[in-house]
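> My questions all concern the structure below.
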Amino acid sequence: MPPPAVGVVTAAKRPVSAGVTFVGRVQAVNKVDLVARVEGFLKQRAYTEGQEVKAGDLLFVLEKDTYQAAVDQAQANLASAQANAENARQQADRARELVRSQNIPQSTVDEREAAEKSTAAAVQQNQAALEQAQINLGYTEIRAPFDGRVGISNFSVGALVGPSSGALATIVSQDPIYVTFPVSDRFILDVQQATGTGRVEPQDVVVRLMLANGSQYPQVGKIDFTDVKVDQNTDTLTVRAVFPNPDRTLTDGQYARVTAERKTPVESLVIPQRAILTDQTGNYVLVVGEGDKAAARHITTGASQGADVVVQQGLNDGDVVIVDGVQKVRPGQQVNPAPTTQPADPAQGAAPAQPAGK
């Protein structure tokens, strides 16, 4: 029987951005439950549910009549207090003039000065009451605290609402947006030790997202926060990345797969994943050696790169690896190798493998 025909590639180094995948959740940067700060009947809902709004846009209006009346009453009380204070001041000034000529006793002056201070304090008290009434009147209008999207309204127009009624609606910001994901404490220690510096700089890491439908999110994120303590229940540390969200593709609470990669690619030896076989001792590949004979090489693999995988140990740059037809070859068997080309993976930027040379 002639030697079996096999497809081979040459193991070669190329720039690789080593990445690790985690499970993450999308989280809004800002999220607020809108609550009525004063009690009253809901008069108007000034937005469409699900609408995007700007900071300061009017969202809800409560009936103002009661609070406007309180403002008017406070203004009247303040005016009366100011008139009394002015009269007390004039009386005190007159008393101070008369006591110089000894036309009135000093006790009268003391009484009028005390009345002057008392009426001045009443002015301040009524001024504070007016400001409080104006604040309460302002609370009858509920406005957006930031740019974002407002959800469903929990109350209909005409309902009696107040501080104890709960949220009228929820507003969440859209752009930018966070993605949080748990990272095991052991993995973080391994990475820190591998860097040689004992730490990982966030600016050296690029974060990518794979959405629930398998599509790649086009925007690239960056790590902006790492939690200060490890969760004792899961032995994980929460890491947060921030992503641009101009098209509103990401929504608060959404599931996503997170891949953290080195920003600067590292030269690594890469072979096609389909060349890897497994036995009781681990992973191995078949290489074409002298006399076109197949030989087994046990390898240690690293991160996957699309259809490729990084080989950390067991192969050398330039080794000819059997990719196609590995199932019909045994170590020591002579083969008829022919170059094959590995399809590129656009998502990972994988380049075609180099053709083998006999």
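Chain labels A, B, ... are given in the sequence in which chains occur in the structure tokens; within each chain residues are numbered consecutively from 1, and ligands are likewise numbered from 1 in the order shown.
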Got a sec to tell me which of region 141-357 of chain A DSSP assigns to helix (DSSP H, G or I), as a ChimeraX atom specification?
/A:185-195,202-204,273-275,290-292,326-328
> Using the selection just defined, write its residues with C-alpha atoms as a PDB file, in the first residue's frame.

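Result file is part-v4.pdb:
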```pdb
ATOM      1  CA  ASP A 185      -8.914  34.926  42.578  1.00  0.00           C
ATOM      2  CA  ARG A 186      -6.572  32.154  41.407  1.00  0.00           C
ATOM      3  CA  PHE A 187      -6.587  33.389  37.823  1.00  0.00           C
ATOM      4  CA  ILE A 188      -5.763  36.937  38.910  1.00  0.00           C
ATOM      5  CA  LEU A 189      -2.821  35.683  40.980  1.00  0.00           C
ATOM      6  CA  ASP A 190      -1.525  33.637  38.024  1.00  0.00           C
ATOM      7  CA  VAL A 191      -1.699  36.650  35.723  1.00  0.00           C
ATOM      8  CA  GLN A 192      -0.004  38.926  38.249  1.00  0.00           C
ATOM      9  CA  GLN A 193       2.833  36.457  38.724  1.00  0.00           C
ATOM     10  CA  ALA A 194       3.211  36.019  34.967  1.00  0.00           C
ATOM     11  CA  THR A 195       3.685  39.756  34.441  1.00  0.00           C
ATOM     12  CA  PRO A 202      -5.874  48.187  33.016  1.00  0.00           C
ATOM     13  CA  GLN A 203      -4.584  50.226  30.064  1.00  0.00           C
ATOM     14  CA  ASP A 204      -2.725  47.123  28.819  1.00  0.00           C
ATOM     15  CA  GLN A 273      -6.884  23.175  16.459  1.00  0.00           C
ATOM     16  CA  ARG A 274      -7.945  20.288  14.233  1.00  0.00           C
ATOM     17  CA  ALA A 275      -4.370  18.975  14.279  1.00  0.00           C
ATOM     18  CA  GLU A 290      12.991  12.523   8.494  1.00  0.00           C
ATOM     19  CA  GLY A 291      12.026  10.168   5.682  1.00  0.00           C
ATOM     20  CA  ASP A 292       8.443  11.519   5.759  1.00  0.00           C
ATOM     21  CA  VAL A 326      -4.465  12.415  11.191  1.00  0.00           C
ATOM     22  CA  GLN A 327      -6.977   9.632  11.900  1.00  0.00           C
ATOM     23  CA  LYS A 328      -5.361   7.272   9.339  1.00  0.00           C
TER      24      LYS A 328
END
```
> Taking only C-alpha atoms into account, which of A:Pro182, A:Gly214, A:Gly40, A:Pro105 comes nearest Phe60 (chain A)?
A:Gly40
> Taking only C-alpha atoms into account, which of A:Ala12, A:Leu98, A:Val321, A:Ala338 comes nearest Val287 (chain A)?
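Among the listed residues, A:Val321 lies closest to Val287 (chain A).
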> With distances taken over only C-alpha atoms, which of A:Leu209, A:Ala28, A:Ala295, A:Val288 is nearest to Gly332 (chain A)?
A:Ala295
> Which of region 163-283 of chain A end up as strand (DSSP E or B) when DSSP is run on this backbone - answer as a count of residues only?
55
> Neighbours of Asp110 (chain A) within 12 Å (only C-alpha atoms; same-chain residues fewer than 3 positions away dropped), as a PyMOL selection string?
chain A and resi 91-93+95-96+99+104-107+113-117
> For region 146-154 of chain A, please output as a short mmCIF file (atom, residue, chain, number, x, y, z; two decimals) with C-alpha atoms, in the first residue's frame all residues within 7 Å (counting only C-alpha atoms; exclusion window: fewer than 5 positions along the same chain).

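Output file out25.cif is given in full below:
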```cif
data_model
loop_
_atom_site.label_atom_id
_atom_site.label_comp_id
_atom_site.auth_asym_id
_atom_site.auth_seq_id
_atom_site.Cartn_x
_atom_site.Cartn_y
_atom_site.Cartn_z
CA GLU A 49 -42.69 55.02 27.94
CA GLY A 50 -39.33 53.81 26.65
CA GLN A 51 -38.41 57.27 25.35
CA GLU A 52 -34.90 58.67 25.48
CA VAL A 53 -34.74 61.94 27.40
CA LYS A 54 -32.18 64.61 28.22
CA ALA A 55 -31.17 65.80 31.67
CA LEU A 168 -43.02 56.13 39.51
CA ALA A 169 -40.63 54.85 36.81
CA THR A 170 -36.97 53.95 36.31
CA ILE A 171 -34.47 55.86 34.19
CA VAL A 172 -31.20 54.32 33.00
CA SER A 173 -28.32 55.89 31.10
CA GLN A 174 -27.41 54.42 27.69
#
```
